[in-house]
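Engineer: This one is upload_22.cif, mmCIF, C-alpha atoms.
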```
data_query
loop_
_atom_site.group_PDB
_atom_site.id
_atom_site.type_symbol
_atom_site.label_atom_id
_atom_site.label_comp_id
_atom_site.auth_asym_id
_atom_site.auth_seq_id
_atom_site.Cartn_x
_atom_site.Cartn_y
_atom_site.Cartn_z
ATOM 1 C CA MET A 17 118.905 -102.762 -11.521
ATOM 2 C CA LYS A 18 120.384 -99.894 -13.545
ATOM 3 C CA ASN A 19 119.684 -97.441 -10.667
ATOM 4 C CA ARG A 20 121.499 -99.707 -8.143
ATOM 5 C CA LYS A 21 124.583 -99.954 -10.420
ATOM 6 C CA GLN A 22 124.679 -96.151 -10.766
ATOM 7 C CA GLN A 23 124.479 -95.721 -6.926
ATOM 8 C CA SER A 24 127.416 -98.119 -6.462
ATOM 9 C CA LYS A 25 129.492 -96.154 -8.994
ATOM 10 C CA PHE A 26 128.779 -92.878 -7.112
ATOM 11 C CA GLY A 27 129.886 -94.592 -3.871
ATOM 12 C CA GLN A 28 133.197 -95.623 -5.458
ATOM 13 C CA VAL A 29 133.841 -92.064 -6.689
ATOM 14 C CA GLU A 30 133.153 -90.687 -3.177
ATOM 15 C CA ILE A 31 135.616 -93.152 -1.643
ATOM 16 C CA MET A 32 138.256 -92.130 -4.195
ATOM 17 C CA GLY A 33 137.641 -88.471 -3.279
ATOM 18 C CA LEU A 34 138.056 -89.211 0.435
ATOM 19 C CA LEU A 35 141.213 -91.200 -0.261
ATOM 20 C CA ILE A 36 142.741 -88.323 -2.222
ATOM 21 C CA ILE A 37 141.942 -85.899 0.641
ATOM 22 C CA VAL A 38 143.475 -88.238 3.221
ATOM 23 C CA ILE A 39 146.616 -88.701 1.102
ATOM 24 C CA LEU A 40 146.946 -84.917 0.662
ATOM 25 C CA VAL A 41 146.608 -84.345 4.440
ATOM 26 C CA VAL A 42 149.249 -87.016 5.169
ATOM 27 C CA VAL A 43 151.662 -85.521 2.600
ATOM 28 C CA VAL A 44 151.200 -82.008 4.041
ATOM 29 C CA ILE A 45 151.822 -83.242 7.628
ATOM 30 C CA PHE A 46 154.889 -85.159 6.447
ATOM 31 C CA LEU A 47 156.327 -82.067 4.715
ATOM 32 C CA VAL A 48 155.699 -79.795 7.728
ATOM 33 C CA VAL A 49 157.356 -82.215 10.166
ATOM 34 C CA SER A 50 160.291 -82.824 7.798
ATOM 35 C CA PHE A 51 160.969 -79.095 7.505
ATOM 36 C CA SER A 52 160.770 -78.574 11.266
ATOM 37 C CA ALA A 53 163.123 -81.541 11.858
ATOM 38 C CA LYS A 54 165.627 -80.122 9.367
ATOM 39 C CA THR A 55 165.889 -76.794 11.271
ATOM 40 C CA PRO A 56 169.409 -76.791 12.781
ATOM 41 C CA PRO A 57 169.350 -77.253 16.579
ATOM 42 C CA ARG A 58 170.469 -74.426 18.850
ATOM 43 C CA THR A 59 174.133 -74.732 19.772
ATOM 44 C CA ILE A 60 174.025 -73.348 23.283
ATOM 45 C CA HIS A 61 177.718 -73.715 23.977
ATOM 46 C CA THR A 62 178.725 -71.830 20.810
ATOM 47 C CA THR A 63 176.383 -68.954 21.643
ATOM 48 C CA TYR A 64 177.614 -68.912 25.242
ATOM 49 C CA MET A 65 181.264 -69.109 24.194
ATOM 50 C CA ASN A 66 180.896 -66.245 21.702
ATOM 51 C CA ASP A 67 179.092 -64.133 24.298
ATOM 52 C CA GLN A 68 181.796 -64.665 26.908
ATOM 53 C CA MET A 69 184.685 -64.646 24.464
ATOM 54 C CA SER A 70 184.912 -60.933 23.668
ATOM 55 C CA THR A 71 184.951 -59.776 27.300
ATOM 56 C CA SER A 72 187.254 -62.505 28.633
ATOM 57 C CA PHE A 73 189.587 -62.158 25.657
ATOM 58 C CA ILE A 74 190.111 -58.417 25.827
ATOM 59 C CA LEU A 75 190.493 -58.367 29.636
ATOM 60 C CA ALA A 76 193.075 -61.166 29.592
ATOM 61 C CA LEU A 77 194.881 -59.700 26.569
ATOM 62 C CA LEU A 78 195.461 -56.239 28.005
ATOM 63 C CA ASP A 79 196.796 -57.616 31.325
ATOM 64 C CA THR A 80 199.234 -59.976 29.601
ATOM 65 C CA SER A 81 202.907 -59.376 30.326
ATOM 66 C CA THR A 82 205.376 -58.814 27.511
ATOM 67 C CA GLU A 83 209.123 -59.107 27.001
ATOM 68 C CA CYS A 84 209.394 -55.322 26.643
ATOM 69 C CA GLY A 85 211.014 -53.135 29.318
ATOM 70 C CA ASN A 86 210.534 -54.606 32.762
ATOM 71 C CA SER A 87 207.811 -57.088 31.695
ATOM 72 C CA VAL A 88 205.319 -54.295 31.074
ATOM 73 C CA SER A 89 201.749 -55.252 30.166
ATOM 74 C CA LEU A 90 200.403 -55.313 26.627
ATOM 75 C CA SER A 91 198.210 -52.284 27.386
ATOM 76 C CA GLU A 92 201.360 -50.316 28.290
ATOM 77 C CA VAL A 93 202.988 -51.425 25.025
ATOM 78 C CA ILE A 94 199.898 -50.226 23.138
ATOM 79 C CA ALA A 95 200.086 -46.855 24.906
ATOM 80 C CA ASP A 96 203.813 -46.614 24.183
ATOM 81 C CA CYS A 97 203.308 -47.425 20.503
ATOM 82 C CA ALA A 98 200.601 -44.764 20.257
ATOM 83 C CA ALA A 99 202.274 -41.913 22.051
ATOM 84 C CA PHE A 100 205.564 -42.279 23.842
ATOM 85 C CA ASN A 101 207.981 -44.666 22.040
ATOM 86 C CA ARG A 102 210.118 -45.042 25.164
ATOM 87 C CA ILE A 103 209.950 -48.784 25.858
ATOM 88 C CA ASP A 104 212.594 -51.131 24.423
ATOM 89 C CA CYS A 105 211.259 -54.366 22.998
ATOM 90 C CA PRO A 106 213.079 -57.390 21.570
ATOM 91 C CA GLY A 107 213.334 -57.105 17.816
ATOM 92 C CA GLY A 108 212.601 -53.394 17.444
ATOM 93 C CA SER A 109 210.089 -50.750 18.453
ATOM 94 C CA SER A 110 207.032 -51.277 20.651
ATOM 95 C CA CYS A 111 204.869 -51.055 17.481
ATOM 96 C CA ASP A 112 206.837 -53.870 15.775
ATOM 97 C CA TYR A 113 206.576 -55.975 18.906
ATOM 98 C CA LEU A 114 202.871 -55.231 19.323
ATOM 99 C CA ASN A 115 202.078 -56.201 15.742
ATOM 100 C CA ASP A 116 203.999 -59.495 15.999
ATOM 101 C CA SER A 117 202.598 -60.352 19.439
ATOM 102 C CA LEU A 118 198.969 -59.712 18.542
ATOM 103 C CA SER A 119 199.363 -61.749 15.372
ATOM 104 C CA GLU A 120 200.885 -64.640 17.377
ATOM 105 C CA ILE A 121 198.144 -64.507 20.026
ATOM 106 C CA PHE A 122 195.281 -64.436 17.500
ATOM 107 C CA ASN A 123 196.770 -67.218 15.397
ATOM 108 C CA SER A 124 197.139 -69.523 18.390
ATOM 109 C CA THR A 125 193.660 -68.819 19.746
ATOM 110 C CA LEU A 126 190.724 -67.367 17.784
ATOM 111 C CA VAL A 127 192.043 -68.325 14.331
ATOM 112 C CA ASN A 128 192.888 -71.816 15.582
ATOM 113 C CA TRP A 129 189.412 -72.222 17.137
ATOM 114 C CA GLY A 130 187.650 -71.010 13.982
ATOM 115 C CA VAL A 131 185.958 -68.091 15.764
ATOM 116 C CA GLY A 132 185.071 -65.100 13.557
ATOM 117 C CA PHE A 133 186.475 -61.863 14.985
ATOM 118 C CA GLN A 134 187.689 -58.368 14.252
ATOM 119 C CA PHE A 135 190.200 -56.696 16.551
ATOM 120 C CA LYS A 136 190.953 -53.021 16.095
ATOM 121 C CA ILE A 137 192.890 -50.377 18.010
ATOM 122 C CA ASN A 138 191.178 -47.018 17.551
ATOM 123 C CA HIS A 139 193.516 -44.049 17.765
ATOM 124 C CA LEU A 140 194.872 -41.681 15.145
ATOM 125 C CA SER A 141 198.411 -42.948 15.619
ATOM 126 C CA PHE A 142 197.359 -46.521 14.794
ATOM 127 C CA ASN A 143 196.487 -45.673 11.194
ATOM 128 C CA LYS A 144 199.707 -47.264 10.024
ATOM 129 C CA PRO A 145 199.382 -49.158 6.747
ATOM 130 C CA GLU A 146 202.774 -50.832 7.324
ATOM 131 C CA TYR A 147 201.133 -52.623 10.293
ATOM 132 C CA GLY A 148 197.791 -53.185 8.537
ATOM 133 C CA ASN A 149 196.353 -50.332 10.674
ATOM 134 C CA PHE A 150 196.579 -52.756 13.625
ATOM 135 C CA THR A 151 193.399 -54.471 12.513
ATOM 136 C CA PHE A 152 193.197 -58.256 12.815
ATOM 137 C CA SER A 153 190.220 -60.053 11.379
ATOM 138 C CA GLN A 154 188.862 -63.443 10.379
ATOM 139 C CA GLY A 155 185.387 -64.296 9.106
ATOM 140 C CA CYS A 156 183.941 -60.945 10.139
ATOM 141 C CA GLY A 157 183.043 -59.442 6.783
ATOM 142 C CA TYR A 158 179.914 -57.731 5.508
ATOM 143 C CA GLY A 159 177.796 -60.899 5.347
ATOM 144 C CA SER A 160 178.490 -61.988 8.922
ATOM 145 C CA MET A 161 176.501 -61.176 12.026
ATOM 146 C CA VAL A 162 178.213 -59.473 14.966
ATOM 147 C CA GLN A 163 177.341 -61.527 18.051
ATOM 148 C CA ARG A 164 179.146 -59.483 20.631
ATOM 149 C CA GLU A 165 181.301 -56.365 20.722
ATOM 150 C CA THR A 166 183.453 -55.218 23.643
ATOM 151 C CA PHE A 167 185.904 -52.391 24.045
ATOM 152 C CA GLN A 168 188.379 -51.203 26.631
ATOM 153 C CA ILE A 169 189.861 -47.742 27.026
ATOM 154 C CA ILE A 170 193.571 -47.162 27.617
ATOM 155 C CA PRO A 171 194.211 -43.634 28.910
ATOM 156 C CA LEU A 172 197.317 -41.792 27.643
ATOM 157 C CA TYR A 173 197.731 -39.626 30.727
ATOM 158 C CA PRO A 174 199.007 -36.853 30.894
ATOM 159 C CA ARG A 175 197.786 -36.443 27.304
ATOM 160 C CA PRO A 176 194.079 -35.677 27.017
ATOM 161 C CA ASP A 177 193.276 -38.376 24.452
ATOM 162 C CA ASP A 178 192.913 -42.110 24.927
ATOM 163 C CA ILE A 179 192.982 -45.377 22.967
ATOM 164 C CA LYS A 180 189.972 -47.581 22.361
ATOM 165 C CA VAL A 181 190.712 -51.283 21.895
ATOM 166 C CA ARG A 182 187.740 -53.052 20.364
ATOM 167 C CA ILE A 183 186.935 -56.673 19.555
ATOM 168 C CA LYS A 184 183.919 -58.007 17.683
ATOM 169 C CA ILE A 185 182.954 -61.684 17.724
ATOM 170 C CA CYS A 186 181.098 -62.681 14.591
ATOM 171 C CA GLY A 187 178.934 -65.621 13.657
ATOM 172 C CA ASN A 188 177.384 -66.786 10.414
ATOM 173 C CA MET B 11 131.755 -105.913 1.363
ATOM 174 C CA THR B 12 134.956 -105.438 -0.704
ATOM 175 C CA GLU B 13 134.675 -101.660 -0.312
ATOM 176 C CA ASN B 14 134.453 -101.971 3.493
ATOM 177 C CA ILE B 15 137.521 -104.216 3.612
ATOM 178 C CA ALA B 16 139.421 -101.753 1.407
ATOM 179 C CA ILE B 17 138.504 -98.824 3.678
ATOM 180 C CA ILE B 18 139.516 -100.736 6.829
ATOM 181 C CA MET B 19 142.829 -101.681 5.197
ATOM 182 C CA ILE B 20 143.503 -98.065 4.234
ATOM 183 C CA ILE B 21 142.706 -96.851 7.755
ATOM 184 C CA VAL B 22 144.959 -99.525 9.277
ATOM 185 C CA PHE B 23 147.731 -98.581 6.828
ATOM 186 C CA ILE B 24 147.399 -94.896 7.720
ATOM 187 C CA LEU B 25 147.482 -95.711 11.459
ATOM 188 C CA ILE B 26 150.621 -97.842 11.089
ATOM 189 C CA PHE B 27 152.302 -95.215 8.908
ATOM 190 C CA GLY B 28 151.344 -92.494 11.407
ATOM 191 C CA PHE B 29 152.696 -94.460 14.346
ATOM 192 C CA ILE B 30 156.037 -95.129 12.621
ATOM 193 C CA PHE B 31 156.302 -91.485 11.605
ATOM 194 C CA TYR B 32 155.466 -90.254 15.131
ATOM 195 C CA SER B 33 158.042 -92.552 16.732
ATOM 196 C CA LYS B 34 160.723 -91.305 14.310
ATOM 197 C CA VAL B 35 159.872 -87.673 15.111
ATOM 198 C CA ARG B 36 159.971 -88.423 18.852
ATOM 199 C CA THR B 37 163.396 -90.076 18.471
ATOM 200 C CA VAL B 38 164.788 -86.987 16.717
ATOM 201 C CA SER B 39 163.286 -84.725 19.368
ATOM 202 C CA ILE B 40 164.713 -86.790 22.251
ATOM 203 C CA GLN B 41 168.148 -86.780 20.590
ATOM 204 C CA GLY B 42 167.886 -82.976 20.300
ATOM 205 C CA LYS B 43 167.031 -82.712 24.011
ATOM 206 C CA LEU B 44 169.983 -84.941 24.937
ATOM 207 C CA LYS B 45 172.292 -82.709 22.901
ATOM 208 C CA GLU B 46 170.832 -79.622 24.586
ATOM 209 C CA TYR B 47 171.363 -81.049 28.092
ATOM 210 C CA SER B 48 174.906 -82.052 27.188
ATOM 211 C CA GLU B 49 175.593 -78.491 25.987
ATOM 212 C CA LEU B 50 174.147 -77.045 29.200
ATOM 213 C CA ASP B 51 176.457 -79.385 31.143
ATOM 214 C CA LEU B 52 179.391 -78.029 29.142
ATOM 215 C CA VAL B 53 178.440 -74.429 29.917
ATOM 216 C CA LYS B 54 178.029 -75.324 33.610
ATOM 217 C CA ALA B 55 181.452 -77.018 33.682
ATOM 218 C CA SER B 56 183.057 -73.966 32.041
ATOM 219 C CA GLN B 57 181.559 -71.659 34.672
ATOM 220 C CA ILE B 58 182.781 -73.927 37.472
ATOM 221 C CA VAL B 59 186.327 -74.111 36.076
ATOM 222 C CA SER B 60 186.655 -70.369 35.541
ATOM 223 C CA ALA B 61 185.637 -69.719 39.157
ATOM 224 C CA LEU B 62 187.473 -72.571 40.924
ATOM 225 C CA PRO B 63 188.880 -71.100 44.157
ATOM 226 C CA GLU B 64 191.520 -73.858 44.118
ATOM 227 C CA LEU B 65 193.106 -72.192 41.081
ATOM 228 C CA SER B 66 192.142 -68.546 40.834
ATOM 229 C CA CYS B 67 194.464 -65.644 41.569
ATOM 230 C CA SER B 68 193.780 -63.624 44.658
ATOM 231 C CA SER B 69 195.308 -60.611 46.286
ATOM 232 C CA GLU B 70 194.434 -59.394 49.784
ATOM 233 C CA SER B 71 191.626 -61.987 50.025
ATOM 234 C CA LEU B 72 189.998 -60.737 46.830
ATOM 235 C CA THR B 73 189.605 -63.195 43.962
ATOM 236 C CA GLU B 74 190.542 -61.952 40.499
ATOM 237 C CA VAL B 75 188.251 -62.900 37.636
ATOM 238 C CA GLY B 76 189.779 -64.691 34.629
ATOM 239 C CA CYS B 77 193.118 -65.413 36.256
ATOM 240 C CA ILE B 78 194.768 -68.670 37.328
ATOM 241 C CA ASN B 79 197.685 -68.766 39.741
ATOM 242 C CA LYS B 80 200.476 -70.909 38.291
ATOM 243 C CA LEU B 81 201.686 -72.104 41.701
ATOM 244 C CA LYS B 82 198.161 -73.145 42.714
ATOM 245 C CA LEU B 83 197.855 -74.891 39.353
ATOM 246 C CA GLU B 84 201.075 -76.862 39.907
ATOM 247 C CA ALA B 85 199.914 -77.890 43.395
ATOM 248 C CA PHE B 86 196.518 -78.859 41.996
ATOM 249 C CA ILE B 87 198.099 -81.110 39.348
ATOM 250 C CA GLU B 88 200.095 -82.892 42.042
ATOM 251 C CA LEU B 89 196.814 -83.849 43.729
ATOM 252 C CA ASP B 90 196.237 -86.317 40.880
ATOM 253 C CA LEU B 91 192.501 -85.997 40.411
ATOM 254 C CA GLN B 92 192.144 -89.513 39.059
ATOM 255 C CA GLN B 93 192.997 -90.802 42.537
ATOM 256 C CA GLU B 94 192.245 -88.890 45.731
ATOM 257 C CA TYR B 95 189.557 -86.354 44.921
ATOM 258 C CA TYR B 96 188.127 -88.161 41.908
ATOM 259 C CA GLU B 97 184.583 -88.522 43.255
ATOM 260 C CA TYR B 98 184.313 -84.837 44.189
ATOM 261 C CA TYR B 99 185.508 -83.556 40.807
ATOM 262 C CA ARG B 100 183.553 -86.200 38.915
ATOM 263 C CA GLY B 101 180.448 -84.678 40.510
ATOM 264 C CA LEU B 102 181.517 -81.240 39.230
ATOM 265 C CA PHE B 103 182.737 -82.039 35.733
ATOM 266 C CA GLY B 104 181.134 -85.370 34.848
ATOM 267 C CA LYS B 105 182.178 -86.825 31.508
ATOM 268 C CA SER B 106 184.569 -84.142 30.330
ATOM 269 C CA LYS B 107 188.159 -83.093 29.920
ATOM 270 C CA VAL B 108 189.713 -79.896 31.283
ATOM 271 C CA THR B 109 193.027 -78.556 30.001
ATOM 272 C CA ILE B 110 194.868 -75.295 30.605
ATOM 273 C CA ASN B 111 197.240 -73.859 28.003
ATOM 274 C CA SER B 112 199.353 -70.721 27.917
ATOM 275 C CA THR B 113 200.162 -69.146 24.565
ATOM 276 C CA PHE B 114 201.986 -65.853 25.151
ATOM 277 C CA PRO B 115 204.683 -64.771 26.004
ATOM 278 C CA ASN B 116 205.508 -68.181 27.412
ATOM 279 C CA ASN B 117 203.736 -71.238 26.036
ATOM 280 C CA SER B 118 205.226 -73.753 28.464
ATOM 281 C CA THR B 119 202.024 -74.414 30.434
ATOM 282 C CA ASN B 120 199.989 -77.140 28.777
ATOM 283 C CA VAL B 121 198.372 -79.271 31.427
ATOM 284 C CA GLY B 122 195.409 -81.583 31.725
ATOM 285 C CA LEU B 123 193.477 -81.173 34.969
ATOM 286 C CA TYR B 124 190.782 -83.767 34.548
ATOM 287 C CA ASP B 125 189.819 -86.389 31.983
ATOM 288 C CA ASN B 126 186.887 -88.767 32.269
ATOM 289 C CA PRO B 127 185.749 -90.133 28.894
ATOM 290 C CA PHE B 128 183.242 -92.875 28.133
ATOM 291 C CA GLU B 129 184.670 -96.225 27.197
ATOM 292 C CA GLY B 130 184.886 -96.664 23.429
ATOM 293 C CA ILE B 131 184.054 -93.955 20.924
ATOM 294 C CA ASN B 132 183.238 -90.469 22.233
ATOM 295 C CA ASN B 133 181.698 -87.430 20.561
ATOM 296 C CA LYS B 134 183.302 -84.163 21.674
ATOM 297 C CA ASP B 135 182.208 -80.546 22.052
ATOM 298 C CA SER B 136 184.694 -77.957 23.263
ATOM 299 C CA ILE B 137 184.510 -74.541 24.827
ATOM 300 C CA PHE B 138 187.442 -72.122 25.224
ATOM 301 C CA ILE B 139 187.794 -69.465 27.912
ATOM 302 C CA PRO B 140 190.647 -66.939 27.559
ATOM 303 C CA ILE B 141 192.428 -66.331 30.873
ATOM 304 C CA ASN B 142 195.660 -65.045 32.382
ATOM 305 C CA ILE B 143 198.034 -67.500 34.024
ATOM 306 C CA PHE B 144 199.894 -65.585 36.721
ATOM 307 C CA ASP B 145 203.415 -66.614 37.637
ATOM 308 C CA PRO B 146 203.953 -65.049 41.104
ATOM 309 C CA ILE B 147 207.674 -65.899 41.205
ATOM 310 C CA ASN B 148 208.562 -63.926 38.063
ATOM 311 C CA ASP B 149 205.521 -61.603 38.356
ATOM 312 C CA ILE B 150 204.396 -62.430 34.818
ATOM 313 C CA PHE B 151 200.860 -62.700 33.450
ATOM 314 C CA ASN B 152 200.756 -65.203 30.589
ATOM 315 C CA PHE B 153 197.906 -65.164 28.108
ATOM 316 C CA GLY B 154 196.245 -68.552 27.897
ATOM 317 C CA TYR B 155 192.976 -70.395 27.820
ATOM 318 C CA VAL B 156 190.999 -73.117 29.519
ATOM 319 C CA GLN B 157 189.599 -75.766 27.177
ATOM 320 C CA ILE B 158 186.673 -77.809 28.419
ATOM 321 C CA THR B 159 185.691 -80.761 26.264
ATOM 322 C CA LYS B 160 182.389 -82.508 26.943
ATOM 323 C CA TYR B 161 182.203 -86.174 26.024
ATOM 324 C CA THR B 162 178.976 -87.668 24.741
ATOM 325 C CA GLN B 163 178.249 -91.129 23.453
ATOM 326 C CA PRO B 164 177.382 -91.373 19.770
ATOM 327 C CA THR B 165 173.691 -92.026 19.127
ATOM 328 C CA SER B 166 172.859 -94.770 16.626
#
```
What do you get writing this file as structure tokens?

Structural biologist:
Amino acid sequence: MKNRKQQSKFGQVEIMGLLIIVILVVVVIFLVVSFSAKTPPRTIHTTYMNDQMSTSFILALLDTSTECGNSVSLSEVIADCAAFNRIDCPGGSSCDYLNDSLSEIFNSTLVNWGVGFQFKINHLSFNKPEYGNFTFSQGCGYGSMVQRETFQIIPLYPRPDDIKVRIKICGN
Amino acid sequence: MTENIAIIMIIVFILIFGFIFYSKVRTVSIQGKLKEYSELDLVKASQIVSALPELSCSSESLTEVGCINKLKLEAFIELDLQQEYYEYYRGLFGKSKVTINSTFPNNSTNVGLYDNPFEGINNKDSIFIPINIFDPINDIFNFGYVQITKYTQPTS
């Protein structure tokens, strides 16, 4: 009688052990699935847009007409600001006009859309602190990841040097 | 006897719990797939719009990339897509909205080409493509963009 009671007690302890194992397995599966469900989904259109943005933006920007001279393009205004200073623009020099125009374009597009970017014109003559060195930026600091970078070259013929216009599109 | 009943109850409980959990996970995964397909549709629509021969600039039979001819655009708007060619463009763009805006130096162009939302509440995802809008009369390239908004129905 005593032996039978002891066997039953052992059986109960084994069942408790199995139950604890099953509960642990269920909890682990639950945690794994919860973590995988919480992973943010891929935003294909954002990745695509950022990839296309830099190239489309810089190509369209440099071909854009201005109110300077005889409706010269923005790339000609950039060249004039860097080297020649011959073109008349409304409201002052080609550099003044360029700074205002770029600011207006970025504010109505990339800034408005919340896209991180850094636009820079690389040439010695564009190191002008009064124009913020012609660098325009939003959300493209040290912690951000550069998703795409594109540049275009504007030759300053007959001078031997040229201007590099560069845009970076950044993400988080 | 009591132990057996307890074990069967626990197994049944685990099965029911597992089934509920699996169905929830499947629901989340299907919603993710729907979102992914909707985003792919948006990307497809943006590629179609940026290469529409009805709108793009051309010179000497060569099409220019990233440029929309303003005169073609005005003629295209007069077509009234909600009427005559609705079925054709509905096949291309589906449930979306396409607008074209110019920003510099002239911001007068702000037109809607196509709009086909769901009835009721719509979720929206947008994509922007910078372009030039060429005015052949004044020989001016405006800086602008195409905005494509994809409509999706909210999931409960």

Engineer: List the neighbours of Asp149 in chain B out to 9 Å using only C-alpha atoms; skip same-chain residues closer than 4 positions along the sequence, and give me the result as a list in words.

Structural biologist: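 Contacts, with the query itself left out: Ser81 and Ser87 of chain A; Phe144 and Asp145 of chain B.
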
Engineer: For the provided coordinates, the residues matched by the PyMOL selection byres ((chain B) within 9 of (chain A)) should be stated as a VMD selection string.

Structural biologist: chain B and resid 13 17 20 24 28 31 35 38 to 39 42 45 to 46 49 to 50 52 to 53 76 to 77 113 to 115 135 to 143 149 to 155

Engineer: Find the residue from B:Lys34, B:Ser71, B:Tyr124, B:Ser66 that sits nearest to Tyr98 in chain B; use only C-alpha atoms when measuring.

Structural biologist: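 Smallest separation from Tyr98 in chain B among the options: B:Tyr124.
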
Engineer: Please indicate the distance in Å from CA of Val108 in chain B to CA of Glu94 in chain B, rounded to one decimal place.

Structural biologist: 17.2 Å

Engineer: Please report the interatomic distance between CA of Arg102 in chain A and CA of Phe150 in chain A in Å with one decimal.

Structural biologist: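 Straight-line distance from CA of Arg102 in chain A to CA of Phe150 in chain A works out to 19.4 Å.
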
Engineer: Would you write out, as a list in words, every residue that the PyMOL selection byres ((chain B and resi 128) around 8) captures in this file?

Structural biologist: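 Applying the PyMOL selection byres ((chain B and resi 128) around 8) to the structure shown produces Lys105, Asn126, Pro127, Glu129, Gly130, Ile131, Asn132, Tyr161, Thr162 and Gln163 of chain B.
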
Engineer: Assuming the chain letters and numbering stay as they are in my file, what does the PyMOL selection byres ((chain A and resi 136-141) around 6) actually select? List them as a ChimeraX atom specification.

Structural biologist: /A:98,135,142-143,151,179-182

Engineer: Please rebuild range 140-152 of chain B with N, CA and C atoms and give the result as an mmCIF file, keeping the file's coordinate frame.

Structural biologist:
```cif
data_model
loop_
_atom_site.group_PDB
_atom_site.id
_atom_site.type_symbol
_atom_site.label_atom_id
_atom_site.label_comp_id
_atom_site.auth_asym_id
_atom_site.auth_seq_id
_atom_site.Cartn_x
_atom_site.Cartn_y
_atom_site.Cartn_z
ATOM 1 N N PRO B 140 189.355 -67.621 27.431
ATOM 2 C CA PRO B 140 190.647 -66.939 27.559
ATOM 3 C C PRO B 140 190.881 -66.495 29.004
ATOM 4 N N ILE B 141 192.098 -66.691 29.477
ATOM 5 C CA ILE B 141 192.428 -66.331 30.873
ATOM 6 C C ILE B 141 193.878 -65.833 30.939
ATOM 7 N N ASN B 142 194.254 -65.323 32.090
ATOM 8 C CA ASN B 142 195.660 -65.045 32.382
ATOM 9 C C ASN B 142 196.165 -66.122 33.325
ATOM 10 N N ILE B 143 197.397 -66.565 33.091
ATOM 11 C CA ILE B 143 198.034 -67.500 34.024
ATOM 12 C C ILE B 143 199.162 -66.715 34.704
ATOM 13 N N PHE B 144 198.972 -66.456 35.989
ATOM 14 C CA PHE B 144 199.894 -65.585 36.721
ATOM 15 C C PHE B 144 201.010 -66.395 37.356
ATOM 16 N N ASP B 145 202.237 -65.982 37.036
ATOM 17 C CA ASP B 145 203.415 -66.614 37.637
ATOM 18 C C ASP B 145 203.919 -65.692 38.747
ATOM 19 N N PRO B 146 203.606 -65.986 40.022
ATOM 20 C CA PRO B 146 203.953 -65.049 41.104
ATOM 21 C C PRO B 146 205.454 -64.928 41.338
ATOM 22 N N ILE B 147 206.226 -65.956 40.952
ATOM 23 C CA ILE B 147 207.674 -65.899 41.205
ATOM 24 C C ILE B 147 208.318 -64.846 40.294
ATOM 25 N N ASN B 148 207.975 -64.892 39.001
ATOM 26 C CA ASN B 148 208.562 -63.926 38.063
ATOM 27 C C ASN B 148 207.668 -62.704 37.833
ATOM 28 N N ASP B 149 206.500 -62.685 38.498
ATOM 29 C CA ASP B 149 205.521 -61.603 38.356
ATOM 30 C C ASP B 149 205.126 -61.388 36.882
ATOM 31 N N ILE B 150 204.749 -62.487 36.241
ATOM 32 C CA ILE B 150 204.396 -62.430 34.818
ATOM 33 C C ILE B 150 202.970 -62.966 34.625
ATOM 34 N N PHE B 151 202.185 -62.232 33.839
ATOM 35 C CA PHE B 151 200.860 -62.700 33.450
ATOM 36 C C PHE B 151 200.949 -63.278 32.041
ATOM 37 N N ASN B 152 200.782 -64.588 31.922
ATOM 38 C CA ASN B 152 200.756 -65.203 30.589
ATOM 39 C C ASN B 152 199.341 -65.178 30.044
#
```
